[in-house]
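Structure file query28.cif (mmCIF, C-alpha atoms) follows.
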```cif
data_target
loop_
_atom_site.label_atom_id
_atom_site.label_comp_id
_atom_site.auth_asym_id
_atom_site.auth_seq_id
_atom_site.Cartn_x
_atom_site.Cartn_y
_atom_site.Cartn_z
CA MET A 1 0.00 0.00 0.00
CA ALA A 2 2.78 2.37 0.88
CA LYS A 3 4.55 1.50 -2.34
CA GLN A 4 1.50 2.32 -4.37
CA TYR A 5 1.28 5.79 -2.84
CA LYS A 6 4.97 6.35 -3.36
CA ALA A 7 4.66 5.38 -6.99
CA ALA A 8 1.58 7.53 -7.44
CA GLY A 9 3.31 10.50 -5.87
CA GLU A 10 6.41 10.21 -8.00
CA GLU A 11 4.42 9.72 -11.14
CA ALA A 12 2.28 12.71 -10.37
CA TRP A 13 5.30 14.85 -9.64
CA LYS A 14 6.98 13.84 -12.85
CA ASN A 15 4.09 14.11 -15.24
CA ASN A 16 1.06 15.86 -13.96
CA VAL A 17 2.34 18.95 -12.25
CA GLU A 18 3.48 22.23 -13.73
CA LYS A 19 6.51 23.36 -11.83
CA VAL A 20 7.53 26.82 -10.76
CA ASN A 21 10.92 28.07 -9.79
CA ALA A 22 11.58 26.98 -6.23
CA GLU A 23 13.42 30.13 -5.26
CA LEU A 24 10.64 32.30 -6.56
CA PHE A 25 8.14 30.39 -4.48
CA ILE A 26 10.30 30.40 -1.36
CA PHE A 27 11.04 34.09 -1.55
CA THR A 28 7.43 34.95 -2.27
CA TYR A 29 6.36 32.99 0.76
CA GLY A 30 9.08 34.64 2.84
CA SER A 31 8.00 38.12 1.86
CA LEU A 32 4.42 37.16 2.63
CA VAL A 33 5.37 36.18 6.17
CA VAL A 34 7.45 39.32 6.59
CA GLN A 35 4.52 41.47 5.49
CA LEU A 36 2.20 39.68 7.88
CA MET A 37 4.64 40.25 10.70
CA ARG A 38 4.78 43.93 9.89
CA ASP A 39 1.02 44.20 9.71
CA TYR A 40 0.11 42.23 12.79
CA GLU A 41 3.25 42.51 14.95
CA ASP A 42 1.87 39.66 17.02
CA CYS A 43 3.16 36.18 16.29
CA ALA A 44 0.04 34.42 17.46
CA ALA A 45 -2.05 36.48 15.04
CA VAL A 46 0.37 35.76 12.21
CA ASN A 47 0.21 32.05 12.98
CA ALA A 48 -3.56 32.20 12.86
CA GLN A 49 -3.54 34.08 9.57
CA LEU A 50 -1.11 31.66 7.99
CA ASP A 51 -3.26 28.79 9.12
CA LYS A 52 -6.35 30.43 7.66
CA MET A 53 -4.62 31.06 4.35
CA GLY A 54 -3.44 27.50 4.32
CA TYR A 55 -6.96 26.31 4.97
CA ASN A 56 -8.26 28.20 1.95
CA ILE A 57 -5.53 26.65 -0.15
CA GLY A 58 -6.18 23.21 1.28
CA VAL A 59 -9.88 23.02 0.44
CA ARG A 60 -9.04 23.47 -3.21
CA LEU A 61 -5.99 21.27 -3.09
CA ALA A 62 -8.00 18.16 -2.30
CA ASP A 63 -9.85 18.34 -5.61
CA ASP A 64 -6.61 19.13 -7.38
CA ILE A 65 -4.86 16.04 -6.05
CA LEU A 66 -7.82 13.86 -6.95
CA ALA A 67 -7.88 15.29 -10.44
CA ARG A 68 -4.22 14.60 -11.04
CA THR A 69 -3.95 11.13 -9.58
CA SER A 70 -6.27 8.20 -9.55
CA LEU A 71 -6.43 7.84 -5.80
CA GLU A 72 -9.47 6.27 -4.22
CA ARG A 73 -10.82 6.87 -0.76
CA CYS A 74 -8.39 5.80 1.92
CA ALA A 75 -9.58 2.98 4.10
CA ASP A 76 -8.24 4.34 7.38
CA LEU A 77 -6.05 7.00 8.90
CA HIS A 78 -2.88 5.07 8.23
CA ALA A 79 -3.56 5.09 4.52
CA THR A 80 -4.53 8.75 4.68
CA ALA A 81 -1.27 9.64 6.40
CA GLU A 82 0.72 7.81 3.77
CA ALA A 83 -1.21 9.49 0.99
CA VAL A 84 -0.71 12.95 2.47
CA ALA A 85 3.00 12.38 2.91
CA LYS A 86 3.90 10.47 -0.22
CA VAL A 87 1.49 11.99 -2.70
CA GLY A 88 0.40 15.36 -1.37
CA PHE A 89 3.68 16.70 -0.13
CA LYS A 90 5.58 15.09 -2.97
CA MET A 91 3.37 16.60 -5.63
CA PHE A 92 3.45 20.13 -4.36
CA LEU A 93 6.71 20.53 -2.49
CA ASN A 94 8.77 17.63 -3.81
CA VAL A 95 9.63 16.45 -0.33
CA VAL A 96 8.38 13.34 1.36
CA PRO A 97 7.94 13.64 5.11
CA THR A 98 8.10 10.49 7.18
CA VAL A 99 5.03 9.42 9.04
CA VAL A 100 5.97 8.73 12.64
CA GLY A 101 4.64 9.10 16.10
CA TRP A 102 1.39 7.16 15.86
CA SER A 103 -0.65 7.48 19.00
CA ALA A 104 -2.02 4.45 20.78
CA ASP A 105 -5.52 4.83 19.42
CA SER A 106 -4.27 5.52 15.88
CA ARG A 107 -5.93 8.89 15.73
CA GLU A 108 -2.81 11.02 15.79
CA PHE A 109 0.36 10.96 13.78
CA SER A 110 3.29 13.18 12.97
CA LEU A 111 4.79 14.22 9.70
CA GLN A 112 8.47 14.71 10.15
CA LEU A 113 10.06 16.98 7.59
CA ASP A 114 13.81 16.66 7.56
CA ASP A 115 14.04 19.22 4.85
CA ASN A 116 11.35 21.84 4.53
CA PRO A 117 11.88 23.77 1.30
CA LEU A 118 10.13 26.84 2.67
CA ASN A 119 12.87 27.19 5.24
CA ASP A 120 15.65 27.67 2.72
CA PHE A 121 17.28 31.07 2.90
CA CYS A 122 15.32 31.85 6.02
CA GLU A 123 16.53 32.95 9.42
CA LEU A 124 14.15 33.95 12.14
CA PRO A 125 14.99 36.99 14.28
CA PRO A 126 15.27 36.12 17.98
CA ARG A 127 12.11 38.04 18.79
CA ALA A 128 10.08 35.87 16.42
CA VAL A 129 11.54 32.73 17.94
CA GLN A 130 10.71 33.96 21.41
CA ASP A 131 7.16 34.94 20.56
CA GLY A 132 6.41 31.57 19.03
CA LEU A 133 6.18 32.14 15.30
CA TRP A 134 5.70 28.99 13.26
CA TYR A 135 7.13 30.06 9.94
CA SER A 136 5.57 27.34 7.80
CA ASN A 137 2.23 27.34 9.55
CA VAL A 138 0.55 27.59 6.18
CA LEU A 139 1.33 23.90 5.73
CA CYS A 140 -0.78 23.09 8.77
CA GLY A 141 -3.70 24.95 7.30
CA VAL A 142 -3.30 23.21 3.97
CA VAL A 143 -3.39 19.75 5.54
CA ARG A 144 -6.38 20.69 7.67
CA GLY A 145 -8.31 22.15 4.74
CA ALA A 146 -7.59 19.27 2.42
CA LEU A 147 -8.57 16.65 4.99
CA GLU A 148 -11.76 18.53 5.76
CA MET A 149 -12.82 18.27 2.14
CA LEU A 150 -12.33 14.53 2.49
CA HIS A 151 -14.71 14.38 5.42
CA MET A 152 -12.10 14.37 8.17
CA GLN A 153 -12.09 17.05 10.80
CA THR A 154 -8.55 17.39 12.05
CA GLU A 155 -6.33 19.53 14.20
CA VAL A 156 -2.94 20.19 12.73
CA TRP A 157 -0.13 22.01 14.46
CA PHE A 158 3.62 22.39 14.44
CA VAL A 159 5.55 20.67 17.17
CA ARG A 160 9.13 21.33 16.21
CA ASP A 161 10.71 23.61 13.66
CA VAL A 162 14.24 23.74 12.35
CA LEU A 163 14.13 27.52 12.31
CA ARG A 164 13.61 27.47 16.03
CA GLY A 165 16.68 25.40 16.66
CA ASP A 166 15.20 21.91 16.70
CA ASP A 167 16.76 19.15 14.65
CA ALA A 168 13.81 18.56 12.37
CA SER A 169 10.41 20.02 11.60
CA GLU A 170 7.45 18.09 12.82
CA ILE A 171 3.76 18.60 12.14
CA ARG A 172 1.28 16.76 14.31
CA VAL A 173 -2.09 15.76 12.89
CA ARG A 174 -4.95 14.65 15.04
CA LEU A 175 -8.22 13.29 13.76
CA VAL A 176 -11.01 14.91 15.73
CA ARG A 177 -13.86 13.10 14.01
CA MET A 178 -15.06 11.89 10.68
CA LEU A 179 -17.56 14.27 9.14
CA ASP A 180 -20.75 12.82 7.84
CA GLU A 181 -21.96 13.51 4.38
CA GLU A 182 -24.65 16.13 4.29
CA VAL A 183 -28.19 14.95 3.88
CA PRO A 184 -30.50 16.98 1.65
CA ALA A 185 -32.88 19.10 3.67
CA GLY A 186 -36.31 17.60 4.05
CA ASP A 187 -39.37 19.27 2.63
CA ASP A 188 -40.77 21.91 4.95
CA MET B 1 -23.05 9.41 -31.60
CA VAL B 2 -24.15 10.52 -28.19
CA VAL B 3 -26.77 13.16 -27.61
CA ALA B 4 -26.28 14.90 -24.30
CA TYR B 5 -29.41 16.52 -22.97
CA ASN B 6 -28.36 18.28 -19.79
CA ILE B 7 -25.95 18.21 -16.89
CA TYR B 8 -26.35 18.95 -13.20
CA ILE B 9 -23.49 19.59 -10.82
CA PHE B 10 -24.20 19.27 -7.10
CA ASP B 11 -21.74 20.29 -4.45
CA ARG B 12 -21.11 18.62 -1.12
CA HIS B 13 -23.89 20.63 0.52
CA CYS B 14 -26.56 18.97 -1.64
CA GLU B 15 -27.11 22.17 -3.60
CA CYS B 16 -27.21 22.37 -7.35
CA ILE B 17 -24.42 24.75 -8.27
CA PHE B 18 -24.65 24.36 -11.99
CA TYR B 19 -27.14 23.23 -14.57
CA THR B 20 -27.12 23.56 -18.29
CA GLU B 21 -28.98 21.90 -21.11
CA TRP B 22 -28.44 21.46 -24.79
CA ASN B 23 -31.24 19.55 -26.38
CA ARG B 24 -34.20 19.59 -24.12
CA LEU B 25 -37.91 19.92 -24.82
CA ASN B 26 -40.19 21.49 -22.21
CA SER B 27 -37.44 22.89 -20.05
CA PRO B 28 -38.40 24.85 -16.94
CA LEU B 29 -35.67 27.32 -17.85
CA ALA B 30 -36.92 28.27 -21.28
CA ALA B 31 -40.49 28.60 -20.05
CA ASP B 32 -39.35 30.91 -17.31
CA ALA B 33 -37.25 33.03 -19.61
CA GLU B 34 -40.11 33.53 -22.04
CA THR B 35 -42.77 34.50 -19.57
CA ASP B 36 -40.49 36.59 -17.40
CA ARG B 37 -38.82 38.94 -19.79
CA SER B 38 -39.41 40.21 -23.23
CA SER B 39 -35.75 40.79 -23.84
CA LYS B 40 -34.61 38.77 -26.78
CA ASP B 41 -31.24 38.12 -25.20
CA LEU B 42 -32.78 36.13 -22.43
CA VAL B 43 -34.88 33.91 -24.63
CA ARG B 44 -31.81 33.24 -26.66
CA GLY B 45 -30.14 31.97 -23.60
CA ASN B 46 -28.49 34.37 -21.19
CA GLN B 47 -28.84 34.20 -17.46
CA VAL B 48 -31.98 35.36 -15.77
CA LEU B 49 -30.50 38.21 -13.77
CA THR B 50 -32.27 41.10 -12.20
CA GLY B 51 -31.08 44.51 -13.14
CA ASP B 52 -28.63 43.26 -15.67
CA GLY B 53 -30.67 44.32 -18.67
CA GLY B 54 -29.80 41.29 -20.78
CA SER B 55 -26.06 41.13 -20.85
CA SER B 56 -24.63 41.48 -24.27
CA ARG B 57 -21.06 40.68 -23.38
CA SER B 58 -19.21 38.82 -26.06
CA SER B 59 -19.70 35.16 -25.41
CA VAL B 60 -16.79 32.83 -25.73
CA ASP B 61 -18.82 30.27 -27.56
CA GLY B 62 -21.48 31.85 -29.68
CA GLN B 63 -24.95 30.45 -29.11
CA ARG B 64 -24.98 29.97 -25.36
CA PRO B 65 -27.09 27.29 -23.76
CA LEU B 66 -29.23 28.26 -20.81
CA VAL B 67 -27.56 28.06 -17.44
CA TRP B 68 -28.91 27.99 -13.92
CA PRO B 69 -28.52 29.00 -11.08
CA THR B 70 -27.02 32.42 -10.81
CA THR B 71 -26.18 34.28 -7.62
CA ALA B 72 -29.23 36.41 -8.18
CA THR B 73 -31.49 33.39 -8.11
CA SER B 74 -29.63 30.86 -5.99
CA THR B 75 -31.16 29.97 -2.69
CA ALA B 76 -28.03 30.71 -0.72
CA HIS B 77 -27.32 34.18 -1.95
CA ARG B 78 -30.63 35.61 -2.88
CA VAL B 79 -30.34 39.36 -2.82
CA SER B 80 -33.89 40.13 -1.83
CA ALA B 81 -37.14 38.29 -1.44
CA GLU B 82 -38.34 39.62 -4.77
CA SER B 83 -35.42 38.31 -6.84
CA PRO B 84 -36.75 35.89 -9.42
CA ARG B 85 -36.55 32.32 -8.31
CA ASN B 86 -37.06 29.63 -10.81
CA VAL B 87 -39.02 27.40 -8.49
CA ALA B 88 -39.68 24.80 -11.13
CA MET B 89 -35.98 24.49 -11.74
CA GLU B 90 -35.22 24.33 -8.03
CA GLU B 91 -37.77 21.60 -7.54
CA GLU B 92 -36.36 19.69 -10.44
CA ALA B 93 -32.83 19.96 -9.13
CA LYS B 94 -33.94 18.76 -5.73
CA LEU B 95 -35.80 15.85 -7.28
CA VAL B 96 -32.81 14.82 -9.34
CA TYR B 97 -30.58 15.04 -6.31
CA GLY B 98 -32.98 12.97 -4.29
CA VAL B 99 -33.20 10.27 -6.92
CA VAL B 100 -29.48 10.06 -7.33
CA TYR B 101 -28.77 10.22 -3.61
CA SER B 102 -31.26 7.50 -2.75
CA THR B 103 -30.19 5.24 -5.59
CA ARG B 104 -26.58 5.56 -4.61
CA ASN B 105 -27.40 4.79 -1.00
CA ILE B 106 -29.41 1.72 -1.92
CA ILE B 107 -26.57 0.42 -4.05
CA ASN B 108 -24.05 1.09 -1.30
CA LYS B 109 -26.23 -0.68 1.24
CA LEU B 110 -26.73 -3.69 -0.97
CA ASN B 111 -22.99 -3.93 -1.33
CA SER B 112 -22.57 -3.53 2.43
CA LYS B 113 -20.33 -0.62 1.68
CA ASP B 114 -22.46 2.17 3.00
CA SER B 115 -20.81 4.63 5.33
CA PRO B 116 -21.83 7.92 6.86
CA GLN B 117 -19.16 9.62 4.78
CA GLY B 118 -21.02 8.83 1.61
CA GLY B 119 -18.97 8.44 -1.48
CA ASN B 120 -19.72 5.92 -4.16
CA PRO B 121 -18.15 2.63 -3.06
CA GLY B 122 -21.04 0.69 -4.54
CA GLY B 123 -20.19 2.08 -7.92
CA PHE B 124 -23.48 3.56 -9.06
CA MET B 125 -22.80 4.58 -12.64
CA SER B 126 -26.03 5.03 -14.54
CA PHE B 127 -29.64 4.07 -14.95
CA ALA B 128 -31.83 4.14 -18.03
CA THR B 129 -35.42 4.65 -18.90
CA ASN B 130 -36.88 4.16 -22.35
CA THR B 131 -36.23 7.79 -23.24
CA TYR B 132 -32.93 8.71 -21.60
CA ARG B 133 -29.99 7.42 -19.64
CA LEU B 134 -28.70 9.15 -16.55
CA HIS B 135 -25.00 8.96 -15.77
CA TYR B 136 -23.57 9.69 -12.35
CA TYR B 137 -20.08 10.47 -11.13
CA GLU B 138 -19.06 11.38 -7.62
CA ALA B 139 -15.67 12.66 -6.57
CA PRO B 140 -14.37 11.75 -3.12
CA THR B 141 -14.73 15.38 -2.09
CA GLY B 142 -18.47 15.13 -2.47
CA VAL B 143 -19.09 16.97 -5.73
CA LYS B 144 -21.55 15.09 -7.91
CA PHE B 145 -22.06 15.18 -11.64
CA VAL B 146 -25.28 14.02 -13.27
CA LEU B 147 -25.46 13.83 -17.05
CA ASN B 148 -28.50 12.79 -19.06
CA THR B 149 -27.99 11.40 -22.52
CA ASP B 150 -29.92 9.38 -25.05
CA VAL B 151 -30.44 5.72 -24.31
CA GLY B 152 -27.77 4.59 -26.72
CA ALA B 153 -24.85 5.92 -24.73
CA THR B 154 -23.22 3.01 -22.97
CA SER B 155 -20.80 4.53 -20.55
CA MET B 156 -20.11 8.16 -19.99
CA GLN B 157 -17.92 7.54 -16.94
CA PRO B 158 -14.75 8.59 -18.74
CA VAL B 159 -16.54 11.68 -20.00
CA LEU B 160 -17.71 12.64 -16.54
CA GLU B 161 -14.29 11.96 -15.13
CA MET B 162 -12.78 14.20 -17.78
CA ILE B 163 -15.26 16.91 -16.94
CA TYR B 164 -14.35 16.66 -13.28
CA ARG B 165 -10.59 16.51 -13.70
CA ASN B 166 -9.97 18.85 -16.55
CA ILE B 167 -12.87 21.27 -16.51
CA TYR B 168 -14.32 21.50 -13.02
CA VAL B 169 -10.99 21.38 -11.19
CA GLU B 170 -9.25 23.62 -13.69
CA TYR B 171 -11.83 26.35 -14.00
CA VAL B 172 -13.82 26.21 -10.81
CA VAL B 173 -11.67 24.85 -8.01
CA LYS B 174 -8.61 26.72 -9.15
CA ASN B 175 -10.50 29.95 -9.59
CA PRO B 176 -9.70 32.12 -6.58
CA LEU B 177 -12.94 34.00 -7.03
CA PHE B 178 -15.00 30.88 -6.50
CA ARG B 179 -15.72 30.81 -2.81
CA VAL B 180 -15.38 27.43 -1.16
CA ASP B 181 -17.26 27.77 2.07
CA PRO B 182 -17.78 25.03 4.63
CA LYS B 183 -21.31 26.27 5.19
CA THR B 184 -22.82 27.73 2.03
CA SER B 185 -22.90 26.90 -1.63
CA THR B 186 -21.75 29.15 -4.42
CA PRO B 187 -23.19 28.70 -7.91
CA ILE B 188 -20.68 28.39 -10.71
CA GLU B 189 -20.69 31.59 -12.72
CA ASN B 190 -17.71 31.28 -14.89
CA ASP B 191 -17.69 31.97 -18.61
CA TYR B 192 -14.63 29.88 -19.27
CA PHE B 193 -16.06 26.93 -17.45
CA ARG B 194 -19.25 27.13 -19.45
CA ALA B 195 -17.45 27.60 -22.75
CA VAL B 196 -15.04 24.73 -22.22
CA LEU B 197 -17.82 22.48 -21.02
CA ASN B 198 -20.01 23.30 -24.01
CA ASN B 199 -17.17 22.73 -26.40
CA TYR B 200 -16.29 19.45 -24.79
CA ILE B 201 -19.85 18.21 -24.92
CA ARG B 202 -20.11 19.30 -28.52
CA GLU B 203 -16.97 17.31 -29.31
CA ILE B 204 -18.30 14.29 -27.53
CA SER B 205 -21.60 14.51 -29.35
CA SER B 206 -20.03 14.61 -32.74
CA ALA B 207 -17.18 12.19 -32.25
CA ALA B 208 -17.72 8.72 -33.56
CA VAL B 209 -18.30 6.28 -30.76
CA PRO B 210 -15.62 3.56 -30.86
CA ALA B 211 -17.02 0.06 -31.06
CA SER B 212 -17.08 -1.39 -27.56
#
```
As structure tokens, please, write out the structure in this file.
Amino acid sequence: MAKQYKAAGEEAWKNNVEKVNAELFIFTYGSLVVQLMRDYEDCAAVNAQLDKMGYNIGVRLADDILARTSLERCADLHATAEAVAKVGFKMFLNVVPTVVGWSADSREFSLQLDDNPLNDFCELPPRAVQDGLWYSNVLCGVVRGALEMLHMQTEVWFVRDVLRGDDASEIRVRLVRMLDEEVPAGDD
Amino acid sequence: MVVAYNIYIFDRHCECIFYTEWNRLNSPLAADAETDRSSKDLVRGNQVLTGDGGSSRSSVDGQRPLVWPTTATSTAHRVSAESPRNVAMEEEAKLVYGVVYSTRNIINKLNSKDSPQGGNPGGFMSFATNTYRLHYYEAPTGVKFVLNTDVGATSMQPVLEMIYRNIYVEYVVKNPLFRVDPKTSTPIENDYFRAVLNNYIREISSAAVPAS
């Protein structure tokens, strides 16, 4: 199962995705975060904004991934985690995080990014580190938005970040509940 | 040669966000357009919009088929209580959704694959009457496509998949002006989407059907 996702991800990356210049993307994202910092001056607010922006991206991303690959519904959270890591991240960022840290009830897992492309060329000022800025928080929003479109309500947050001095970046994903499909409203 | 009659697109909130027709007799849209306005534009097939005065913008594809709903008439965004609602069309869309929803659920149940998350694990593809065949495609995100064609069409699954992957995702999902809201539905009002869809259907209708 894992192999099939890996193959799907690589094939999608090779054939189905238009690519942009990585530096352009990284610098654009960096200037976006800088502008948000200037506007809000409060790291918690910037984190929230990045998450919201990511969410808006994520709800559209789910359809995009489905359009480009022939993935079916995942049977359980394990399969979902593999798909997110090997297909989602691979297709859009060309990195494959490892899925680790499964909780006992299999409702939480971590995506460990050894190499986050958004962090290239980036150095956080000490004040940002102190105040708790998660530089790539947009990724959390993207995962949350995409999973919500696939009927999974999740909480996604950063646990560790290389820019803050940790050894690797880690995003934790927790499944809150499965969302039911909406039923058409009855006749009044 | 396949004759496509009309297509409905329902979003995950059970609302019809797009409907258009090509070869349909006694359509609730045409009847509404004739009785409502005297403007020739509207009878010819523009949207029923209040205060728009019959838009004469250059259309990307010439003779434009009728389209419904528009933000002026959609249930979610109705501007005022007096905005024209095409009730007949609404009822029809609800009926179609109900039929398709129930059929899909029955098939899922019979396959013991029903789940509260919906989806189409039972593989409901189409049903036929003696006058038309209805084809159904559901994406895992909950957006549903319903296409009615003549009885002769065997399988339009690849067509519907194409419409989803290359037309809906390209022109609707990727359009930043199309609001994806967890609570409300936005009708698709996108000239490019309509034009590409019409062209694609026209191609399908005139292409020779390969022997299956």
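Matched in the shown structure by the PyMOL selection byres ((chain B) within 7 of (chain A)): Arg12, His13, Cys14, Pro116, Gln117, Gly118, Pro140, Thr141, Arg165, Val169, Val173 and Lys174 of chain B.
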*Would you list the contacts of stretch 35-42 of chain A as a list of chain:residue names, taking every protein, DNA or RNA residue within 12 Å and counting only C-alpha atoms, but skipping same-chain residues closer than 3 positions in sequence?*
A:Thr28, A:Tyr29, A:Gly30, A:Ser31, A:Leu32, A:Ala45, A:Val46, A:Asn47, A:Ala48, A:Gln49, A:Leu50, A:Met53, A:Leu124, A:Pro125, A:Arg127, A:Ala128, A:Val129, A:Gln130, A:Asp131, A:Gly132, A:Leu133, A:Trp134, A:Tyr135
*Using the chain letters and numbers from the file, which residues does the PyMOL selection byres ((chain B and resi 180-191) around 7) grab, as a ChimeraX atom specification?*
/B:13,15,17-18,69-71,76,178-179,192-195
*asked:* Could you tell me how far atom CA of A:Phe158 sits from atom CA of A:Asn137, in Å to one decimal place?
replied: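 Separating atom CA of A:Asn137 from atom CA of A:Phe158 is a distance of 7.1 Å.
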_Non-local contacts of stretch 91-105 of chain B (9 Å; all atoms listed in the file; under 2 positions in same chain excluded) as a list in words_ = Val183 and Pro184 of chain A; Tyr8, Phe10, Cys14, Glu15, Cys16, Tyr19, Pro28, Asn86, Val87, Ala88, Met89, Ile107, Asn108, Lys109, Leu110, Asp114, Gly118, Gly119, Asn120, Gly122, Gly123, Phe124, Met125, Tyr136 and Val146 of chain B
Requested write-out: C-alpha atoms of the selected residues, as a PDB file, in the frame of the given file:
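After the write, result-v4.pdb holds the following:
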```
ATOM      1  CA  VAL A 183     -28.190  14.950   3.880  1.00  0.00           C
ATOM      2  CA  PRO A 184     -30.500  16.980   1.650  1.00  0.00           C
TER       3      PRO A 184
ATOM      4  CA  TYR B   8     -26.350  18.950 -13.200  1.00  0.00           C
ATOM      5  CA  PHE B  10     -24.200  19.270  -7.100  1.00  0.00           C
ATOM      6  CA  CYS B  14     -26.560  18.970  -1.640  1.00  0.00           C
ATOM      7  CA  GLU B  15     -27.110  22.170  -3.600  1.00  0.00           C
ATOM      8  CA  CYS B  16     -27.210  22.370  -7.350  1.00  0.00           C
ATOM      9  CA  TYR B  19     -27.140  23.230 -14.570  1.00  0.00           C
ATOM     10  CA  PRO B  28     -38.400  24.850 -16.940  1.00  0.00           C
ATOM     11  CA  ASN B  86     -37.060  29.630 -10.810  1.00  0.00           C
ATOM     12  CA  VAL B  87     -39.020  27.400  -8.490  1.00  0.00           C
ATOM     13  CA  ALA B  88     -39.680  24.800 -11.130  1.00  0.00           C
ATOM     14  CA  MET B  89     -35.980  24.490 -11.740  1.00  0.00           C
ATOM     15  CA  ILE B 107     -26.570   0.420  -4.050  1.00  0.00           C
ATOM     16  CA  ASN B 108     -24.050   1.090  -1.300  1.00  0.00           C
ATOM     17  CA  LYS B 109     -26.230  -0.680   1.240  1.00  0.00           C
ATOM     18  CA  LEU B 110     -26.730  -3.690  -0.970  1.00  0.00           C
ATOM     19  CA  ASP B 114     -22.460   2.170   3.000  1.00  0.00           C
ATOM     20  CA  GLY B 118     -21.020   8.830   1.610  1.00  0.00           C
ATOM     21  CA  GLY B 119     -18.970   8.440  -1.480  1.00  0.00           C
ATOM     22  CA  ASN B 120     -19.720   5.920  -4.160  1.00  0.00           C
ATOM     23  CA  GLY B 122     -21.040   0.690  -4.540  1.00  0.00           C
ATOM     24  CA  GLY B 123     -20.190   2.080  -7.920  1.00  0.00           C
ATOM     25  CA  PHE B 124     -23.480   3.560  -9.060  1.00  0.00           C
ATOM     26  CA  MET B 125     -22.800   4.580 -12.640  1.00  0.00           C
ATOM     27  CA  TYR B 136     -23.570   9.690 -12.350  1.00  0.00           C
ATOM     28  CA  VAL B 146     -25.280  14.020 -13.270  1.00  0.00           C
TER      29      VAL B 146
END
```
*Enumerate, as a PyMOL selection string, the residues matched when the PyMOL selection byres ((chain A and resi 94) around 10) is run on the file above.*
chain A and resi 9-10+13-14+86-93+95-97+116-117
*Expressed in Å to a single decimal, how great is the separation between atom CA of A:Asp51 and atom CA of A:Val138?*
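Separation of atom CA of A:Asp51 and atom CA of A:Val138: 5.0 Å.
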_One-decimal distance in Å that lies between atom CA of A:Lys3 and atom CA of A:Leu111_ = 17.5 Å
*Tell me which protein, DNA and RNA residues are within 9 Å of A:Trp157, counting all atoms listed in the file, leaving out same-chain ones fewer than 6 positions away, and put them as a list in words.*
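What passes the distance filter is Asn137, Cys140, Gly141, Glu170, Ile171, Arg172, Val173 and Arg174 of chain A.
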*Would you please work out which residue, of A:Leu139, A:Tyr55, A:His78, A:Leu118, is nearest to A:Ser103 when using all atoms listed in the file?*
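Of the candidates, the smallest distance to A:Ser103 is held by A:His78.
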*Rank B:Asn26, B:Ser126, B:Thr131, B:Asn175 by their smallest atom-to-atom distance to B:Leu160, using only C-alpha atoms, and report the top residue only.*
B:Ser126
*Of the listed residues B:Pro65, B:Ser27, B:Glu90, B:Pro121, that which approaches A:Ala75 most closely, counting all atoms listed in the file*: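 Of B:Pro65, B:Ser27, B:Glu90, B:Pro121, the one nearest A:Ala75, counting all atoms listed in the file, is B:Pro121.
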*Taking into account only C-alpha atoms, which residue in the set A:Asn16, A:Ser136, A:Val143, A:Glu108 is nearest to A:Arg164?*
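Counting only C-alpha atoms, the residue closest to A:Arg164 is A:Ser136.
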Using only C-alpha atoms, which residues sit within 8 Å of A:Ala168 once same-chain residues fewer than 3 positions away are excluded, as an mmCIF file with C-alpha atoms, in the coordinates of the input?
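Just written: selection-v2.cif:
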```cif
data_model
loop_
_atom_site.group_PDB
_atom_site.id
_atom_site.type_symbol
_atom_site.label_atom_id
_atom_site.label_comp_id
_atom_site.auth_asym_id
_atom_site.auth_seq_id
_atom_site.Cartn_x
_atom_site.Cartn_y
_atom_site.Cartn_z
ATOM 1 C CA GLN A 112 8.470 14.710 10.150
ATOM 2 C CA LEU A 113 10.060 16.980 7.590
ATOM 3 C CA ASP A 114 13.810 16.660 7.560
ATOM 4 C CA ASP A 115 14.040 19.220 4.850
ATOM 5 C CA ARG A 160 9.130 21.330 16.210
ATOM 6 C CA ASP A 161 10.710 23.610 13.660
ATOM 7 C CA VAL A 162 14.240 23.740 12.350
#
```
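Using all atoms listed in the file for every distance, the candidate list A:Phe27, A:Lys52, A:Ala83, A:Ala22 yields A:Ala83 as the residue closest to A:Tyr5.
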*Which of these, A:Leu77, A:Gly54, A:Ser110, A:Gly101, has the shortest distance to A:Leu175 once you count all atoms listed in the file?*
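Counting all atoms listed in the file, the residue closest to A:Leu175 is A:Leu77.
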